[in-house]
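Everything below belongs to data10.tsv, which stores TSV, N, CA and C atoms.
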chain	number	residue	atom	x	y	z
A	1	MET	N	-65.03	107.71	185.41
A	1	MET	CA	-64.86	108.94	184.68
A	1	MET	C	-65.90	109.95	185.20
A	2	THR	N	-65.44	111.14	185.53
A	2	THR	CA	-66.36	112.15	186.05
A	2	THR	C	-66.67	113.24	185.03
A	3	LYS	N	-65.92	113.26	183.93
A	3	LYS	CA	-66.18	114.23	182.85
A	3	LYS	C	-66.02	113.54	181.52
A	4	ILE	N	-66.84	113.99	180.57
A	4	ILE	CA	-66.76	113.48	179.21
A	4	ILE	C	-66.52	114.67	178.29
A	5	TYR	N	-65.55	114.51	177.41
A	5	TYR	CA	-65.29	115.53	176.40
A	5	TYR	C	-66.34	115.41	175.30
A	6	LEU	N	-67.13	116.47	175.12
A	6	LEU	CA	-68.18	116.46	174.10
A	6	LEU	C	-67.68	116.92	172.74
A	7	GLY	N	-66.77	117.87	172.74
A	7	GLY	CA	-66.24	118.38	171.48
A	7	GLY	C	-65.85	119.84	171.60
A	8	LYS	N	-65.47	120.40	170.48
A	8	LYS	CA	-65.14	121.84	170.41
A	8	LYS	C	-66.35	122.55	169.83
A	9	MET	N	-66.86	123.53	170.58
A	9	MET	CA	-68.05	124.25	170.16
A	9	MET	C	-67.79	125.07	168.90
A	10	ALA	N	-68.81	125.24	168.11
A	10	ALA	CA	-68.74	126.12	166.95
A	10	ALA	C	-68.67	127.56	167.47
A	11	SER	N	-68.32	128.47	166.60
A	11	SER	CA	-68.12	129.86	167.02
A	11	SER	C	-69.41	130.67	167.08
A	12	ASN	N	-70.50	130.13	166.58
A	12	ASN	CA	-71.73	130.92	166.46
A	12	ASN	C	-72.92	130.35	167.23
A	13	VAL	N	-72.66	129.59	168.29
A	13	VAL	CA	-73.74	128.92	169.01
A	13	VAL	C	-74.44	129.88	169.98
A	14	GLY	N	-73.70	130.80	170.56
A	14	GLY	CA	-74.29	131.74	171.50
A	14	GLY	C	-74.17	131.31	172.95
A	15	THR	N	-73.16	130.46	173.26
A	15	THR	CA	-72.92	130.05	174.64
A	15	THR	C	-71.65	130.72	175.15
A	16	LEU	N	-71.37	130.54	176.42
A	16	LEU	CA	-70.14	131.06	177.01
A	16	LEU	C	-68.92	130.30	176.51
A	17	ALA	N	-69.15	129.14	175.91
A	17	ALA	CA	-68.03	128.29	175.47
A	17	ALA	C	-67.88	128.23	173.95
A	18	ASP	N	-68.44	129.19	173.24
A	18	ASP	CA	-68.27	129.19	171.78
A	18	ASP	C	-66.79	129.14	171.42
A	19	SER	N	-66.46	128.29	170.47
A	19	SER	CA	-65.09	128.08	169.98
A	19	SER	C	-64.18	127.42	171.02
A	20	GLU	N	-64.73	126.92	172.10
A	20	GLU	CA	-63.93	126.29	173.15
A	20	GLU	C	-64.27	124.81	173.30
A	21	LEU	N	-63.39	124.09	173.97
A	21	LEU	CA	-63.65	122.68	174.28
A	21	LEU	C	-64.76	122.61	175.31
A	22	LEU	N	-65.62	121.61	175.20
A	22	LEU	CA	-66.76	121.50	176.10
A	22	LEU	C	-66.78	120.11	176.74
A	23	TYR	N	-66.92	120.10	178.07
A	23	TYR	CA	-66.97	118.86	178.84
A	23	TYR	C	-68.29	118.78	179.60
A	24	LEU	N	-68.80	117.57	179.76
A	24	LEU	CA	-69.99	117.32	180.57
A	24	LEU	C	-69.53	116.67	181.87
A	25	THR	N	-70.01	117.18	183.00
A	25	THR	CA	-69.70	116.61	184.31
A	25	THR	C	-70.76	115.58	184.67
A	26	LYS	N	-70.32	114.47	185.26
A	26	LYS	CA	-71.24	113.39	185.64
A	26	LYS	C	-72.21	113.86	186.72
A	27	HIS	N	-73.42	113.34	186.67
A	27	HIS	CA	-74.47	113.67	187.63
A	27	HIS	C	-74.06	113.25	189.05
A	28	THR	N	-74.58	113.99	190.02
A	28	THR	CA	-74.28	113.73	191.43
A	28	THR	C	-75.56	113.86	192.26
A	29	TRP	N	-75.59	113.14	193.38
A	29	TRP	CA	-76.69	113.24	194.34
A	29	TRP	C	-76.37	114.41	195.26
A	30	ASP	N	-77.19	115.46	195.23
A	30	ASP	CA	-76.89	116.70	195.94
A	30	ASP	C	-77.90	117.02	197.04
A	31	CYS	N	-77.40	117.61	198.10
A	31	CYS	CA	-78.23	118.11	199.21
A	31	CYS	C	-79.19	117.06	199.76
A	32	ALA	N	-78.84	115.80	199.58
A	32	ALA	CA	-79.59	114.67	200.12
A	32	ALA	C	-81.03	114.57	199.61
A	33	TRP	N	-81.33	115.21	198.45
A	33	TRP	CA	-82.70	115.02	197.94
A	33	TRP	C	-82.85	115.15	196.43
A	34	TYR	N	-81.85	115.60	195.69
A	34	TYR	CA	-82.04	115.75	194.24
A	34	TYR	C	-80.77	115.43	193.47
A	35	TRP	N	-80.96	115.16	192.17
A	35	TRP	CA	-79.84	114.89	191.27
A	35	TRP	C	-79.38	116.19	190.63
A	36	GLY	N	-78.08	116.49	190.77
A	36	GLY	CA	-77.47	117.61	190.06
A	36	GLY	C	-76.92	117.06	188.76
A	37	PHE	N	-77.26	117.69	187.65
A	37	PHE	CA	-76.82	117.17	186.35
A	37	PHE	C	-76.86	118.27	185.30
A	38	GLY	N	-76.26	117.95	184.16
A	38	GLY	CA	-76.29	118.86	183.02
A	38	GLY	C	-75.27	119.98	183.09
A	39	TYR	N	-74.24	119.82	183.93
A	39	TYR	CA	-73.23	120.86	184.04
A	39	TYR	C	-72.19	120.68	182.93
A	40	VAL	N	-72.07	121.67	182.08
A	40	VAL	CA	-71.12	121.63	180.97
A	40	VAL	C	-70.21	122.85	181.05
A	41	GLY	N	-69.03	122.71	180.46
A	41	GLY	CA	-68.11	123.84	180.43
A	41	GLY	C	-66.68	123.39	180.32
A	42	ASN	N	-65.81	124.26	180.82
A	42	ASN	CA	-64.37	124.02	180.78
A	42	ASN	C	-63.74	124.89	181.87
A	43	SER	N	-62.44	125.08	181.81
A	43	SER	CA	-61.77	125.83	182.89
A	43	SER	C	-62.13	127.31	182.91
A	44	SER	N	-62.68	127.84	181.82
A	44	SER	CA	-62.98	129.28	181.79
A	44	SER	C	-64.47	129.61	181.79
A	45	SER	N	-65.34	128.63	181.57
A	45	SER	CA	-66.77	128.92	181.57
A	45	SER	C	-67.56	127.66	181.91
A	46	HIS	N	-68.76	127.88	182.40
A	46	HIS	CA	-69.65	126.75	182.67
A	46	HIS	C	-71.10	127.22	182.55
A	47	PHE	N	-71.97	126.29	182.19
A	47	PHE	CA	-73.40	126.57	182.09
A	47	PHE	C	-74.14	125.24	182.12
A	48	HIS	N	-75.44	125.30	182.04
A	48	HIS	CA	-76.26	124.09	182.08
A	48	HIS	C	-76.54	123.59	180.66
A	49	PHE	N	-76.63	122.28	180.54
A	49	PHE	CA	-76.93	121.67	179.25
A	49	PHE	C	-78.25	122.20	178.69
A	50	SER	N	-79.14	122.62	179.57
A	50	SER	CA	-80.44	123.13	179.12
A	50	SER	C	-80.27	124.30	178.14
A	51	ALA	N	-79.16	125.03	178.22
A	51	ALA	CA	-78.92	126.11	177.26
A	51	ALA	C	-78.77	125.56	175.85
A	52	LEU	N	-78.28	124.34	175.72
A	52	LEU	CA	-78.13	123.73	174.40
A	52	LEU	C	-79.46	123.17	173.90
A	53	LEU	N	-80.42	123.01	174.79
A	53	LEU	CA	-81.74	122.51	174.39
A	53	LEU	C	-82.60	123.62	173.80
A	54	ALA	N	-82.17	124.86	173.99
A	54	ALA	CA	-82.93	125.99	173.47
A	54	ALA	C	-82.85	126.09	171.95
A	55	THR	N	-81.96	125.34	171.36
A	55	THR	CA	-81.80	125.35	169.92
A	55	THR	C	-82.10	123.96	169.37
A	56	THR	N	-82.52	123.91	168.14
A	56	THR	CA	-82.74	122.61	167.50
A	56	THR	C	-81.60	122.27	166.55
A	57	LYS	N	-80.45	122.90	166.79
A	57	LYS	CA	-79.29	122.60	165.96
A	57	LYS	C	-78.82	121.17	166.19
A	58	THR	N	-78.25	120.60	165.16
A	58	THR	CA	-77.68	119.26	165.26
A	58	THR	C	-76.29	119.33	165.87
A	59	ALA	N	-75.75	118.18	166.23
A	59	ALA	CA	-74.40	118.14	166.78
A	59	ALA	C	-73.41	118.74	165.78
A	60	SER	N	-73.58	118.44	164.51
A	60	SER	CA	-72.64	118.95	163.51
A	60	SER	C	-72.75	120.46	163.34
A	61	GLU	N	-73.86	121.06	163.76
A	61	GLU	CA	-74.00	122.51	163.72
A	61	GLU	C	-73.51	123.16	165.02
A	62	LEU	N	-73.68	122.48	166.14
A	62	LEU	CA	-73.27	123.02	167.44
A	62	LEU	C	-71.77	122.94	167.67
A	63	PHE	N	-71.16	121.88	167.13
A	63	PHE	CA	-69.75	121.63	167.40
A	63	PHE	C	-68.92	121.79	166.14
A	64	GLN	N	-67.78	122.43	166.33
A	64	GLN	CA	-66.79	122.52	165.25
A	64	GLN	C	-66.19	121.13	165.01
A	65	SER	N	-66.02	120.39	166.12
A	65	SER	CA	-65.57	119.00	166.04
A	65	SER	C	-66.14	118.22	167.22
A	66	THR	N	-66.64	117.02	166.94
A	66	THR	CA	-67.19	116.14	167.96
A	66	THR	C	-67.27	114.73	167.39
A	67	LYS	N	-67.28	113.75	168.28
A	67	LYS	CA	-67.48	112.37	167.86
A	67	LYS	C	-68.96	111.99	167.92
A	68	ILE	N	-69.79	112.88	168.43
A	68	ILE	CA	-71.21	112.60	168.57
A	68	ILE	C	-71.90	112.79	167.22
A	69	SER	N	-72.59	111.76	166.76
A	69	SER	CA	-73.32	111.86	165.50
A	69	SER	C	-74.60	112.68	165.70
A	70	ASP	N	-75.14	113.19	164.61
A	70	ASP	CA	-76.40	113.92	164.71
A	70	ASP	C	-77.51	113.03	165.27
A	71	ALA	N	-77.55	111.77	164.85
A	71	ALA	CA	-78.58	110.85	165.34
A	71	ALA	C	-78.44	110.64	166.85
A	72	ASP	N	-77.22	110.47	167.34
A	72	ASP	CA	-76.99	110.30	168.78
A	72	ASP	C	-77.32	111.58	169.53
A	73	TRP	N	-77.06	112.73	168.92
A	73	TRP	CA	-77.36	114.02	169.56
A	73	TRP	C	-78.85	114.13	169.89
A	74	TRP	N	-79.71	113.67	168.99
A	74	TRP	CA	-81.16	113.75	169.24
A	74	TRP	C	-81.56	112.85	170.40
A	75	VAL	N	-80.93	111.72	170.56
A	75	VAL	CA	-81.20	110.84	171.70
A	75	VAL	C	-80.73	111.51	172.99
A	76	ILE	N	-79.55	112.10	172.96
A	76	ILE	CA	-79.01	112.81	174.13
A	76	ILE	C	-79.94	113.94	174.54
A	77	ARG	N	-80.38	114.73	173.57
A	77	ARG	CA	-81.33	115.82	173.84
A	77	ARG	C	-82.60	115.28	174.51
A	78	ASP	N	-83.14	114.22	173.94
A	78	ASP	CA	-84.38	113.65	174.46
A	78	ASP	C	-84.23	113.21	175.91
A	79	LEU	N	-83.14	112.52	176.21
A	79	LEU	CA	-82.92	112.05	177.58
A	79	LEU	C	-82.75	113.22	178.55
A	80	PHE	N	-82.04	114.26	178.13
A	80	PHE	CA	-81.91	115.45	179.00
A	80	PHE	C	-83.26	116.11	179.22
A	81	ILE	N	-84.07	116.22	178.18
A	81	ILE	CA	-85.40	116.83	178.32
A	81	ILE	C	-86.23	116.05	179.32
A	82	GLN	N	-86.19	114.72	179.24
A	82	GLN	CA	-86.92	113.88	180.20
A	82	GLN	C	-86.43	114.14	181.63
A	83	ALA	N	-85.11	114.16	181.82
A	83	ALA	CA	-84.55	114.35	183.16
A	83	ALA	C	-84.90	115.72	183.73
A	84	TYR	N	-84.81	116.77	182.92
A	84	TYR	CA	-85.17	118.11	183.39
A	84	TYR	C	-86.65	118.20	183.75
A	85	ALA	N	-87.51	117.55	182.97
A	85	ALA	CA	-88.95	117.59	183.26
A	85	ALA	C	-89.25	116.91	184.59
A	86	LEU	N	-88.63	115.76	184.83
A	86	LEU	CA	-88.86	115.05	186.10
A	86	LEU	C	-88.28	115.82	187.28
A	87	LYS	N	-87.15	116.48	187.07
A	87	LYS	CA	-86.56	117.28	188.15
A	87	LYS	C	-87.50	118.42	188.54
A	88	LYS	N	-88.10	119.08	187.56
A	88	LYS	CA	-89.06	120.15	187.86
A	88	LYS	C	-90.25	119.61	188.65
A	89	ALA	N	-90.74	118.44	188.23
A	89	ALA	CA	-91.86	117.83	188.95
A	89	ALA	C	-91.48	117.51	190.39
A	90	ALA	N	-90.28	116.98	190.60
A	90	ALA	CA	-89.82	116.67	191.95
A	90	ALA	C	-89.76	117.93	192.81
A	91	GLU	N	-89.34	119.04	192.21
A	91	GLU	CA	-89.29	120.30	192.96
A	91	GLU	C	-90.68	120.74	193.41
A	92	VAL	N	-91.67	120.58	192.54
A	92	VAL	CA	-93.04	120.95	192.91
A	92	VAL	C	-93.52	120.09	194.07
A	93	TYR	N	-93.27	118.77	193.98
A	93	TYR	CA	-93.72	117.89	195.06
A	93	TYR	C	-92.94	118.10	196.35
A	94	ARG	N	-91.74	118.61	196.26
A	94	ARG	CA	-90.97	118.89	197.48
A	94	ARG	C	-91.42	120.18	198.14
A	95	TYR	N	-91.54	121.24	197.34
A	95	TYR	CA	-91.80	122.56	197.90
A	95	TYR	C	-93.27	122.94	197.87
A	96	GLY	N	-94.03	122.36	196.95
A	96	GLY	CA	-95.39	122.82	196.75
A	96	GLY	C	-95.35	124.16	196.05
A	97	GLY	N	-95.81	124.21	194.86
A	97	GLY	CA	-95.75	125.44	194.10
A	97	GLY	C	-94.48	125.52	193.28
A	98	HIS	N	-94.44	126.52	192.45
A	98	HIS	CA	-93.30	126.71	191.54
A	98	HIS	C	-92.44	127.88	192.00
A	99	GLN	N	-93.05	129.04	192.18
A	99	GLN	CA	-92.28	130.21	192.60
A	99	GLN	C	-92.79	130.81	193.90
A	100	THR	N	-93.95	130.38	194.33
A	100	THR	CA	-94.51	130.92	195.56
A	100	THR	C	-94.83	129.78	196.51
A	101	ASN	N	-95.06	130.11	197.75
A	101	ASN	CA	-95.45	129.10	198.73
A	101	ASN	C	-96.48	129.71	199.66
A	102	ARG	N	-97.71	129.36	199.44
A	102	ARG	CA	-98.78	129.82	200.32
A	102	ARG	C	-99.45	128.59	200.91
A	103	ALA	N	-99.31	128.43	202.20
A	103	ALA	CA	-99.83	127.24	202.91
A	103	ALA	C	-101.30	127.00	202.56
A	104	GLY	N	-101.57	125.74	202.20
A	104	GLY	CA	-102.94	125.35	201.87
A	104	GLY	C	-103.38	125.71	200.47
A	105	ILE	N	-102.56	126.45	199.76
A	105	ILE	CA	-102.91	126.86	198.38
A	105	ILE	C	-101.92	126.24	197.39
A	106	THR	N	-100.66	126.62	197.48
A	106	THR	CA	-99.67	126.12	196.51
A	106	THR	C	-98.99	124.84	196.95
A	107	ASP	N	-99.15	124.46	198.19
A	107	ASP	CA	-98.45	123.28	198.70
A	107	ASP	C	-99.36	122.06	198.85
A	108	ILE	N	-100.45	122.02	198.13
A	108	ILE	CA	-101.44	120.96	198.33
A	108	ILE	C	-101.00	119.60	197.78
A	109	ILE	N	-99.95	119.54	196.99
A	109	ILE	CA	-99.52	118.25	196.46
A	109	ILE	C	-98.12	117.85	196.93
A	110	LYS	N	-97.65	118.41	198.03
A	110	LYS	CA	-96.37	117.95	198.58
A	110	LYS	C	-96.46	116.46	198.86
A	111	ASP	N	-95.44	115.70	198.42
A	111	ASP	CA	-95.52	114.26	198.59
A	111	ASP	C	-94.12	113.65	198.52
A	112	THR	N	-93.60	113.22	199.66
A	112	THR	CA	-92.26	112.65	199.73
A	112	THR	C	-92.14	111.36	198.93
A	113	ASP	N	-93.17	110.53	198.93
A	113	ASP	CA	-93.11	109.27	198.18
A	113	ASP	C	-92.95	109.51	196.68
A	114	ILE	N	-93.64	110.51	196.17
A	114	ILE	CA	-93.50	110.83	194.74
A	114	ILE	C	-92.11	111.37	194.45
A	115	ILE	N	-91.55	112.16	195.35
A	115	ILE	CA	-90.19	112.68	195.16
A	115	ILE	C	-89.20	111.53	195.06
A	116	VAL	N	-89.33	110.54	195.94
A	116	VAL	CA	-88.45	109.37	195.93
A	116	VAL	C	-88.58	108.65	194.59
A	117	ARG	N	-89.80	108.44	194.13
A	117	ARG	CA	-90.02	107.75	192.85
A	117	ARG	C	-89.45	108.55	191.68
A	118	LEU	N	-89.71	109.86	191.66
A	118	LEU	CA	-89.19	110.70	190.57
A	118	LEU	C	-87.67	110.68	190.54
A	119	ASN	N	-87.05	110.78	191.72
A	119	ASN	CA	-85.58	110.75	191.76
A	119	ASN	C	-85.02	109.40	191.32
A	120	ALA	N	-85.72	108.32	191.61
A	120	ALA	CA	-85.30	107.00	191.14
A	120	ALA	C	-85.37	106.95	189.61
A	121	ASP	N	-86.43	107.52	189.05
A	121	ASP	CA	-86.57	107.55	187.59
A	121	ASP	C	-85.52	108.46	186.95
A	122	ILE	N	-85.25	109.58	187.60
A	122	ILE	CA	-84.21	110.49	187.09
A	122	ILE	C	-82.86	109.77	187.08
A	123	LYS	N	-82.56	109.04	188.15
A	123	LYS	CA	-81.30	108.30	188.21
A	123	LYS	C	-81.20	107.30	187.05
A	124	LYS	N	-82.28	106.59	186.78
A	124	LYS	CA	-82.29	105.65	185.66
A	124	LYS	C	-81.95	106.35	184.36
A	125	ILE	N	-82.61	107.48	184.12
A	125	ILE	CA	-82.38	108.24	182.89
A	125	ILE	C	-80.94	108.72	182.83
A	126	LEU	N	-80.44	109.29	183.93
A	126	LEU	CA	-79.08	109.85	183.93
A	126	LEU	C	-78.02	108.76	183.76
A	127	ASP	N	-78.22	107.61	184.36
A	127	ASP	CA	-77.27	106.51	184.19
A	127	ASP	C	-77.23	106.04	182.74
A	128	VAL	N	-78.41	105.88	182.13
A	128	VAL	CA	-78.46	105.49	180.71
A	128	VAL	C	-77.84	106.58	179.85
A	129	LEU	N	-78.18	107.83	180.14
A	129	LEU	CA	-77.64	108.97	179.38
A	129	LEU	C	-76.12	109.01	179.44
A	130	TRP	N	-75.56	108.85	180.64
A	130	TRP	CA	-74.10	108.88	180.79
A	130	TRP	C	-73.45	107.78	179.96
A	131	GLY	N	-73.97	106.57	180.06
A	131	GLY	CA	-73.43	105.46	179.29
A	131	GLY	C	-73.56	105.70	177.79
A	132	PHE	N	-74.69	106.26	177.38
A	132	PHE	CA	-74.92	106.55	175.96
A	132	PHE	C	-73.90	107.57	175.45
A	133	ILE	N	-73.66	108.63	176.24
A	133	ILE	CA	-72.70	109.66	175.83
A	133	ILE	C	-71.28	109.09	175.81
A	134	GLU	N	-70.96	108.25	176.78
A	134	GLU	CA	-69.64	107.61	176.76
A	134	GLU	C	-69.43	106.86	175.44
A	135	LYS	N	-70.43	106.09	175.04
A	135	LYS	CA	-70.31	105.32	173.78
A	135	LYS	C	-70.28	106.25	172.57
A	136	ALA	N	-71.09	107.30	172.61
A	136	ALA	CA	-71.18	108.23	171.47
A	136	ALA	C	-69.89	109.00	171.26
A	137	THR	N	-69.09	109.14	172.33
A	137	THR	CA	-67.85	109.92	172.22
A	137	THR	C	-66.61	109.05	172.10
A	138	GLU	N	-66.81	107.73	172.03
A	138	GLU	CA	-65.66	106.82	171.86
A	138	GLU	C	-65.11	106.93	170.44
A	139	ASP	N	-63.85	106.54	170.31
A	139	ASP	CA	-63.28	106.43	168.96
A	139	ASP	C	-64.03	105.35	168.21
A	140	LYS	N	-64.39	105.66	166.99
A	140	LYS	CA	-65.15	104.70	166.18
A	140	LYS	C	-64.22	103.80	165.40
Starting from the coordinates I provided, produce the structure as structure tokens.
Amino acid sequence: MTKIYLGKMASNVGTLADSELLYLTKHTWDCAWYWGFGYVGNSSSHFHFSALLATTKTASELFQSTKISDADWWVIRDLFIQAYALKKAAEVYRYGGHQTNRAGITDIIKDTDIIVRLNADIKKILDVLWGFIEKATEDK
């Protein structure tokens, strides 16, 4: 399965998919060095799951209808937060710096070995997350 149906968004969430069906796309290994993940949307709109992390709303507040319980939603949020944090760290170790690159100043912690380790940890999180969401969205 490459997409999971999360539910129908509520009308007042403030996303591009308000009042629409929302699907999560499975994570992929991209550009031979990082995990692409958190892509949500449908045929008319798409955005990153991180937009849903900007609110502390529960699943029952975000979705007009969903099989995801509020308790499971908090676990899903937590796993996404972990994955996004590690992805940011991997970017720093790959490029050196966050928005700038000045040789010898912002690139002092470039480290390929750490990038490999972080990406392995991200994969673990994403695999568990995907399985957890599959179970959370099954018929009960």
Separating CA of Thr58 in chain A from atom C of Ile76 in chain A, to the nearest tenth of an Å, is a gap of 10.9 Å
Ranking A:His46, A:Lys8, A:Lys3, A:Lys88 by minimum distance to Lys26 in chain A and counting only N, CA and C atoms, which one comes first?
A:Lys3
CA of Tyr39 in chain A and atom N of Ser65 in chain A, how far apart in Å?
19.3 Å
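Pairwise distance (CA of Trp33 in chain A, CA of Arg94 in chain A) equals 9.1 Å.
Across A:Leu52, A:Ile122, A:Ile115, A:Leu16, the tightest approach to Ala85 in chain A is made by A:Ile122 when counting only C-alpha atoms.
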Asp127 in chain A: which residues within 8 Å, counting only N, CA and C atoms, same-chain residues fewer than 6 positions away excluded, as a list in words?
His27, Asp121 and Ile133 of chain A
Residues from the last selection, N, CA and C atoms, saved as a short mmCIF file (atom, residue, chain, number, x, y, z; two decimals), in the coordinates of the input:
data_model
loop_
_atom_site.label_atom_id
_atom_site.label_comp_id
_atom_site.auth_asym_id
_atom_site.auth_seq_id
_atom_site.Cartn_x
_atom_site.Cartn_y
_atom_site.Cartn_z
N HIS A 27 -73.42 113.34 186.67
CA HIS A 27 -74.47 113.67 187.63
C HIS A 27 -74.06 113.25 189.05
N ASP A 121 -86.43 107.52 189.05
CA ASP A 121 -86.57 107.55 187.59
C ASP A 121 -85.52 108.46 186.95
N ILE A 133 -73.66 108.63 176.24
CA ILE A 133 -72.70 109.66 175.83
C ILE A 133 -71.28 109.09 175.81
#
Report the closest atom pair, with its distance in Å rounded to one decimal, for each residue of range 38-62 of chain A that has an atom no farther than 9 Å from range 77-80 of chain A; count only C-alpha atoms, sort by chain and then rising residue number, and write it as a tab-separated table.
residue	atom	partner	partner_atom	distance
A:Gly38	CA	A:Phe80	CA	7.7
A:Phe49	CA	A:Phe80	CA	8.0
A:Ser50	CA	A:Phe80	CA	7.8
A:Leu52	CA	A:Arg77	CA	8.6
A:Leu53	CA	A:Arg77	CA	6.7
Each residue of range 63-93 of chain A lying at most 10 Å from range 107-112 of chain A should get a row with its shortest atom-to-atom pair and the distance in Å to one decimal, counting only C-alpha atoms; could you produce that, ordered by chain and increasing number, as CSV?
residue,atom,partner,partner_atom,distance
A:Ala90,CA,A:Asp111,CA,9.1
A:Glu91,CA,A:Lys110,CA,9.3
A:Val92,CA,A:Lys110,CA,7.2
A:Tyr93,CA,A:Lys110,CA,4.4
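The nearest approach to Tyr23 in chain A among the residues A:Asn101, A:Gln64, A:Thr55, A:Ser43, with only C-alpha atoms taken into account, belongs to A:Ser43.
With only N, CA and C atoms as the atoms that count, the minimum distance from Ala17 in chain A to the choices A:Tyr95, A:Trp73, A:Phe47, A:Trp130 is reached by A:Phe47.
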Which neighbours of Gly36 in chain A fall inside 12 Å, counting only C-alpha atoms, when residues of the same chain fewer than 3 positions from it are skipped, and could you give them as an MDAnalysis selection string?
chainID A and resid 25:33 39:40 48:49 83:84 87 119 122:123 126
Residues as selected, N, CA and C atoms, written as a PDB file, in the frame of the given file, can you do that?
ATOM      1  N   THR A  25     -70.010 117.180 183.000  1.00  0.00           N
ATOM      2  CA  THR A  25     -69.700 116.610 184.310  1.00  0.00           C
ATOM      3  C   THR A  25     -70.760 115.580 184.670  1.00  0.00           C
ATOM      4  N   LYS A  26     -70.320 114.470 185.260  1.00  0.00           N
ATOM      5  CA  LYS A  26     -71.240 113.390 185.640  1.00  0.00           C
ATOM      6  C   LYS A  26     -72.210 113.860 186.720  1.00  0.00           C
ATOM      7  N   HIS A  27     -73.420 113.340 186.670  1.00  0.00           N
ATOM      8  CA  HIS A  27     -74.470 113.670 187.630  1.00  0.00           C
ATOM      9  C   HIS A  27     -74.060 113.250 189.050  1.00  0.00           C
ATOM     10  N   THR A  28     -74.580 113.990 190.020  1.00  0.00           N
ATOM     11  CA  THR A  28     -74.280 113.730 191.430  1.00  0.00           C
ATOM     12  C   THR A  28     -75.560 113.860 192.260  1.00  0.00           C
ATOM     13  N   TRP A  29     -75.590 113.140 193.380  1.00  0.00           N
ATOM     14  CA  TRP A  29     -76.690 113.240 194.340  1.00  0.00           C
ATOM     15  C   TRP A  29     -76.370 114.410 195.260  1.00  0.00           C
ATOM     16  N   ASP A  30     -77.190 115.460 195.230  1.00  0.00           N
ATOM     17  CA  ASP A  30     -76.890 116.700 195.940  1.00  0.00           C
ATOM     18  C   ASP A  30     -77.900 117.020 197.040  1.00  0.00           C
ATOM     19  N   CYS A  31     -77.400 117.610 198.100  1.00  0.00           N
ATOM     20  CA  CYS A  31     -78.230 118.110 199.210  1.00  0.00           C
ATOM     21  C   CYS A  31     -79.190 117.060 199.760  1.00  0.00           C
ATOM     22  N   ALA A  32     -78.840 115.800 199.580  1.00  0.00           N
ATOM     23  CA  ALA A  32     -79.590 114.670 200.120  1.00  0.00           C
ATOM     24  C   ALA A  32     -81.030 114.570 199.610  1.00  0.00           C
ATOM     25  N   TRP A  33     -81.330 115.210 198.450  1.00  0.00           N
ATOM     26  CA  TRP A  33     -82.700 115.020 197.940  1.00  0.00           C
ATOM     27  C   TRP A  33     -82.850 115.150 196.430  1.00  0.00           C
ATOM     28  N   TYR A  39     -74.240 119.820 183.930  1.00  0.00           N
ATOM     29  CA  TYR A  39     -73.230 120.860 184.040  1.00  0.00           C
ATOM     30  C   TYR A  39     -72.190 120.680 182.930  1.00  0.00           C
ATOM     31  N   VAL A  40     -72.070 121.670 182.080  1.00  0.00           N
ATOM     32  CA  VAL A  40     -71.120 121.630 180.970  1.00  0.00           C
ATOM     33  C   VAL A  40     -70.210 122.850 181.050  1.00  0.00           C
ATOM     34  N   HIS A  48     -75.440 125.300 182.040  1.00  0.00           N
ATOM     35  CA  HIS A  48     -76.260 124.090 182.080  1.00  0.00           C
ATOM     36  C   HIS A  48     -76.540 123.590 180.660  1.00  0.00           C
ATOM     37  N   PHE A  49     -76.630 122.280 180.540  1.00  0.00           N
ATOM     38  CA  PHE A  49     -76.930 121.670 179.250  1.00  0.00           C
ATOM     39  C   PHE A  49     -78.250 122.200 178.690  1.00  0.00           C
ATOM     40  N   ALA A  83     -85.110 114.160 181.820  1.00  0.00           N
ATOM     41  CA  ALA A  83     -84.550 114.350 183.160  1.00  0.00           C
ATOM     42  C   ALA A  83     -84.900 115.720 183.730  1.00  0.00           C
ATOM     43  N   TYR A  84     -84.810 116.770 182.920  1.00  0.00           N
ATOM     44  CA  TYR A  84     -85.170 118.110 183.390  1.00  0.00           C
ATOM     45  C   TYR A  84     -86.650 118.200 183.750  1.00  0.00           C
ATOM     46  N   LYS A  87     -87.150 116.480 187.070  1.00  0.00           N
ATOM     47  CA  LYS A  87     -86.560 117.280 188.150  1.00  0.00           C
ATOM     48  C   LYS A  87     -87.500 118.420 188.540  1.00  0.00           C
ATOM     49  N   ASN A 119     -87.050 110.780 191.720  1.00  0.00           N
ATOM     50  CA  ASN A 119     -85.580 110.750 191.760  1.00  0.00           C
ATOM     51  C   ASN A 119     -85.020 109.400 191.320  1.00  0.00           C
ATOM     52  N   ILE A 122     -85.250 109.580 187.600  1.00  0.00           N
ATOM     53  CA  ILE A 122     -84.210 110.490 187.090  1.00  0.00           C
ATOM     54  C   ILE A 122     -82.860 109.770 187.080  1.00  0.00           C
ATOM     55  N   LYS A 123     -82.560 109.040 188.150  1.00  0.00           N
ATOM     56  CA  LYS A 123     -81.300 108.300 188.210  1.00  0.00           C
ATOM     57  C   LYS A 123     -81.200 107.300 187.050  1.00  0.00           C
ATOM     58  N   LEU A 126     -80.440 109.290 183.930  1.00  0.00           N
ATOM     59  CA  LEU A 126     -79.080 109.850 183.930  1.00  0.00           C
ATOM     60  C   LEU A 126     -78.020 108.760 183.760  1.00  0.00           C
TER      61      LEU A 126
END
Enclose all atoms of range 38-53 of chain A listed in the file in an axis-aligned box, grow every side by 5 Å, and hand back centre and edge lengths in Å to one decimal, as lines of an AutoDock Vina configuration file.
center_x = -72.2
center_y = 123.8
center_z = 179.0
size_x = 30.8
size_y = 21.7
size_z = 20.4
Just give me the residues with any atom within 6 Å of (-70.5, 114.6, 170.8), file coordinates, counting only C-alpha atoms, written as number ranges by chain.
A: 6-7, 66-68, 137
